[in-house]
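Visitor: The structure's right below; bear with me while I get my questions together.
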Amino acid sequence: MRKPSERNWTVLRSVTPGEEESDRMRSKIRSSIRARAELNAKQRIFELKNVVLTALFVIISAGLLIQLQQHYQSPNGSGQSQAVNEFSLNWDLESVYSKKNEEGYAFFEKGNPEQVGMAEFVTDGEKNKIINMSAMNMAKEMVNFPYPTSLYIEHVKMMDVSLRYHFFVEAGKKTMHFSFDYPKLEYAEIFQVISSLDFIEPKPYRYNEQLYVTHGYGSLPYPVGLRPIELIGDKEKYVWEQGLPQQFKEYIGKIKATKMWKQIKDGGSAYTFESTDGTEIVEISLMGKEITYQYLYPKREE
């Protein structure tokens, strides 16, 4: 029981006007600090979102570019292609590829950094200038090729180039000039590129039968589509994917039809021909997919 003399005391502190104003200032400062902290946090979140969105944009753009390159540059393993805007240049020879440059295209052979050819669009005036300025020794129209094509052969006096093949290919309303250096690129490889051209627009014409061409200044027809595997001296060996016995028989008939070669020996899988002027003899044999040419020059030996 509380004693009568005991009392509870509540002490009331009196606040002066100056102290009351100081409290209000401190309260405003704390509120301002909290507001600033919230604003900074929101800004950091916004900046982080921008970084994430930018990264996503870069990743998506890179993926689209890769897909476009895959679509236009090498759609399959059968050949190489280059695309610029709506134009597409394709051919069927895996060992040869091209690089775009200011003039048009530069051709290279895999494993060799030295340029082997080029291609560019030309006007009629530029075409005539190229033909007239160079020492062109042969001109012919390539029959049944994918596009209307004219061939000119230039004799070149260089250590690593003896002949330069010039092709003028009509690509719709445009003309594309191709040139290839021999022996940087072999005859069979040069014709394989030109005979398999595909600009997509316009679409190429595809001849359903075997095409034949002559190599260099020679008169012996060769099948288009040969792949060189051994070219040493007077012996030439190629892989001929279409070289079936019936196809080989038709090829022999093609040689006879030129009237520039006469058959002097028939051994079944091997045939021997002599040129009508007697300067060349060639034995042609087929073993599986390999076709071999062995040349002799009787008058040279004399």
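To be explicit about the labels: the chains of the structure tokens are called A, B, and onward in the order shown, and within each one the residues are counted from 1, while ligands get numbers from 1 in the order they are shown.
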Each residue of range 174-270 of chain A with at least one atom at most 12 Å from range 134-142 of chain A should appear once, together with its nearest atom pair and the corresponding distance in Å (one decimal); atoms considered: only C-alpha atoms; ordering: chain, then increasing residue number; output as a tab-separated table.
Guide:
```
residue	atom	partner	partner_atom	distance
A:Phe191	CA	A:Met142	CA	10.3
A:Ile194	CA	A:Met142	CA	9.8
A:Ser195	CA	A:Met142	CA	9.2
A:Leu211	CA	A:Met142	CA	9.8
A:Tyr212	CA	A:Met142	CA	9.7
A:Val213	CA	A:Met142	CA	8.5
A:Thr214	CA	A:Met142	CA	10.8
A:His215	CA	A:Met138	CA	12.0
A:Gly216	CA	A:Met138	CA	9.6
A:Tyr217	CA	A:Met138	CA	8.2
A:Gly218	CA	A:Met138	CA	11.4
A:Val224	CA	A:Met142	CA	11.9
```
Visitor: Range 111-269 of chain A: which residues are helix (DSSP H, G or I) by DSSP, as a PyMOL selection string?
Guide: chain A and resi 124-133+187-195+245-257
Visitor: Which residues are close to range 275-282 of chain A, i.e. within 9 Å by only C-alpha atoms, leaving aside same-chain residues fewer than 5 positions away? Reply as a PDB file with N, CA, C and O atoms, in the first residue's frame.
Guide:
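This is the output file around-v3.pdb:
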```
ATOM      1  N   SER A 219      42.825 -28.805-129.950  1.00  0.00           N
ATOM      2  CA  SER A 219      41.621 -29.148-130.710  1.00  0.00           C
ATOM      3  C   SER A 219      40.894 -30.358-130.132  1.00  0.00           C
ATOM      4  O   SER A 219      39.804 -30.702-130.602  1.00  0.00           O
ATOM      5  N   LEU A 220      41.481 -31.022-129.135  1.00  0.00           N
ATOM      6  CA  LEU A 220      40.846 -32.201-128.554  1.00  0.00           C
ATOM      7  C   LEU A 220      39.754 -31.765-127.585  1.00  0.00           C
ATOM      8  O   LEU A 220      40.013 -31.005-126.647  1.00  0.00           O
ATOM      9  N   LYS A 259      36.547 -34.463-136.794  1.00  0.00           N
ATOM     10  CA  LYS A 259      37.278 -34.613-138.060  1.00  0.00           C
ATOM     11  C   LYS A 259      38.723 -34.112-137.947  1.00  0.00           C
ATOM     12  O   LYS A 259      39.424 -34.007-138.953  1.00  0.00           O
ATOM     13  N   MET A 260      39.162 -33.800-136.732  1.00  0.00           N
ATOM     14  CA  MET A 260      40.529 -33.320-136.529  1.00  0.00           C
ATOM     15  C   MET A 260      41.403 -34.385-135.886  1.00  0.00           C
ATOM     16  O   MET A 260      42.602 -34.194-135.697  1.00  0.00           O
ATOM     17  N   TRP A 261      40.767 -35.529-135.544  1.00  0.00           N
ATOM     18  CA  TRP A 261      41.488 -36.646-134.938  1.00  0.00           C
ATOM     19  C   TRP A 261      41.024 -37.940-135.594  1.00  0.00           C
ATOM     20  O   TRP A 261      39.834 -38.133-135.853  1.00  0.00           O
ATOM     21  N   LYS A 262      41.973 -38.834-135.847  1.00  0.00           N
ATOM     22  CA  LYS A 262      41.624 -40.138-136.401  1.00  0.00           C
ATOM     23  C   LYS A 262      42.041 -41.223-135.410  1.00  0.00           C
ATOM     24  O   LYS A 262      43.107 -41.168-134.802  1.00  0.00           O
ATOM     25  N   GLN A 263      41.155 -42.198-135.250  1.00  0.00           N
ATOM     26  CA  GLN A 263      41.429 -43.280-134.313  1.00  0.00           C
ATOM     27  C   GLN A 263      42.423 -44.248-134.930  1.00  0.00           C
ATOM     28  O   GLN A 263      42.238 -44.712-136.064  1.00  0.00           O
ATOM     29  N   TYR A 293      44.853 -39.123-119.905  1.00  0.00           N
ATOM     30  CA  TYR A 293      45.321 -38.716-121.231  1.00  0.00           C
ATOM     31  C   TYR A 293      46.847 -38.820-121.251  1.00  0.00           C
ATOM     32  O   TYR A 293      47.526 -38.220-120.404  1.00  0.00           O
ATOM     33  N   GLN A 294      47.380 -39.575-122.192  1.00  0.00           N
ATOM     34  CA  GLN A 294      48.833 -39.681-122.362  1.00  0.00           C
ATOM     35  C   GLN A 294      49.192 -39.168-123.753  1.00  0.00           C
ATOM     36  O   GLN A 294      48.800 -39.759-124.764  1.00  0.00           O
ATOM     37  N   TYR A 295      49.923 -38.057-123.801  1.00  0.00           N
ATOM     38  CA  TYR A 295      50.245 -37.418-125.076  1.00  0.00           C
ATOM     39  C   TYR A 295      51.636 -37.812-125.562  1.00  0.00           C
ATOM     40  O   TYR A 295      52.566 -37.998-124.762  1.00  0.00           O
ATOM     41  N   LEU A 296      51.757 -37.920-126.864  1.00  0.00           N
ATOM     42  CA  LEU A 296      53.044 -38.110-127.554  1.00  0.00           C
ATOM     43  C   LEU A 296      53.133 -37.104-128.687  1.00  0.00           C
ATOM     44  O   LEU A 296      52.100 -36.768-129.311  1.00  0.00           O
ATOM     45  N   TYR A 297      54.365 -36.658-128.997  1.00  0.00           N
ATOM     46  CA  TYR A 297      54.575 -35.689-130.051  1.00  0.00           C
ATOM     47  C   TYR A 297      55.648 -36.213-130.998  1.00  0.00           C
ATOM     48  O   TYR A 297      56.837 -35.895-130.844  1.00  0.00           O
ATOM     49  N   PRO A 298      55.280 -37.028-131.968  1.00  0.00           N
ATOM     50  CA  PRO A 298      56.251 -37.702-132.843  1.00  0.00           C
ATOM     51  C   PRO A 298      57.177 -36.740-133.575  1.00  0.00           C
ATOM     52  O   PRO A 298      58.391 -36.956-133.626  1.00  0.00           O
ATOM     53  N   LYS A 299      56.665 -35.698-134.145  1.00  0.00           N
ATOM     54  CA  LYS A 299      57.471 -34.771-134.917  1.00  0.00           C
ATOM     55  C   LYS A 299      58.428 -33.965-134.036  1.00  0.00           C
ATOM     56  O   LYS A 299      59.483 -33.529-134.495  1.00  0.00           O
ATOM     57  N   ARG A 300      58.019 -33.769-132.791  1.00  0.00           N
ATOM     58  CA  ARG A 300      58.893 -33.062-131.865  1.00  0.00           C
ATOM     59  C   ARG A 300      60.119 -33.924-131.559  1.00  0.00           C
ATOM     60  O   ARG A 300      61.233 -33.415-131.437  1.00  0.00           O
TER      61      ARG A 300
END
```
Visitor: Give me the residues within 9 Å of Met287 in chain A as a list in words, counting only C-alpha atoms and dropping any in the same chain fewer than 4 places off.
Guide: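 Within the cut-off, the hits are Ser269, Ile291 and Thr292 of chain A.
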Visitor: Could you turn the residues from that selection into a file that holds N, CA, C and O atoms, as a PDB file, in the first residue's frame?
Guide:
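Result file part-v1.pdb:
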```
ATOM      1  N   SER A 269      38.876 -50.302-123.212  1.00  0.00           N
ATOM      2  CA  SER A 269      38.814 -49.223-122.220  1.00  0.00           C
ATOM      3  C   SER A 269      39.809 -48.114-122.531  1.00  0.00           C
ATOM      4  O   SER A 269      39.883 -47.124-121.806  1.00  0.00           O
ATOM      5  N   ILE A 291      39.814 -40.807-115.677  1.00  0.00           N
ATOM      6  CA  ILE A 291      40.117 -40.760-117.097  1.00  0.00           C
ATOM      7  C   ILE A 291      41.531 -40.198-117.256  1.00  0.00           C
ATOM      8  O   ILE A 291      41.900 -39.210-116.617  1.00  0.00           O
ATOM      9  N   THR A 292      42.331 -40.856-118.102  1.00  0.00           N
ATOM     10  CA  THR A 292      43.746 -40.506-118.253  1.00  0.00           C
ATOM     11  C   THR A 292      44.056 -40.176-119.707  1.00  0.00           C
ATOM     12  O   THR A 292      43.593 -40.875-120.630  1.00  0.00           O
TER      13      THR A 292
END
```
Visitor: Would you work out the distance separating CA of Lys265 in chain A from CA of Pro223 in chain A, expressed in Å to one decimal?
Guide: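 Taking CA of Lys265 in chain A as the start and CA of Pro223 in chain A as the end point, the length is 20.7 Å.
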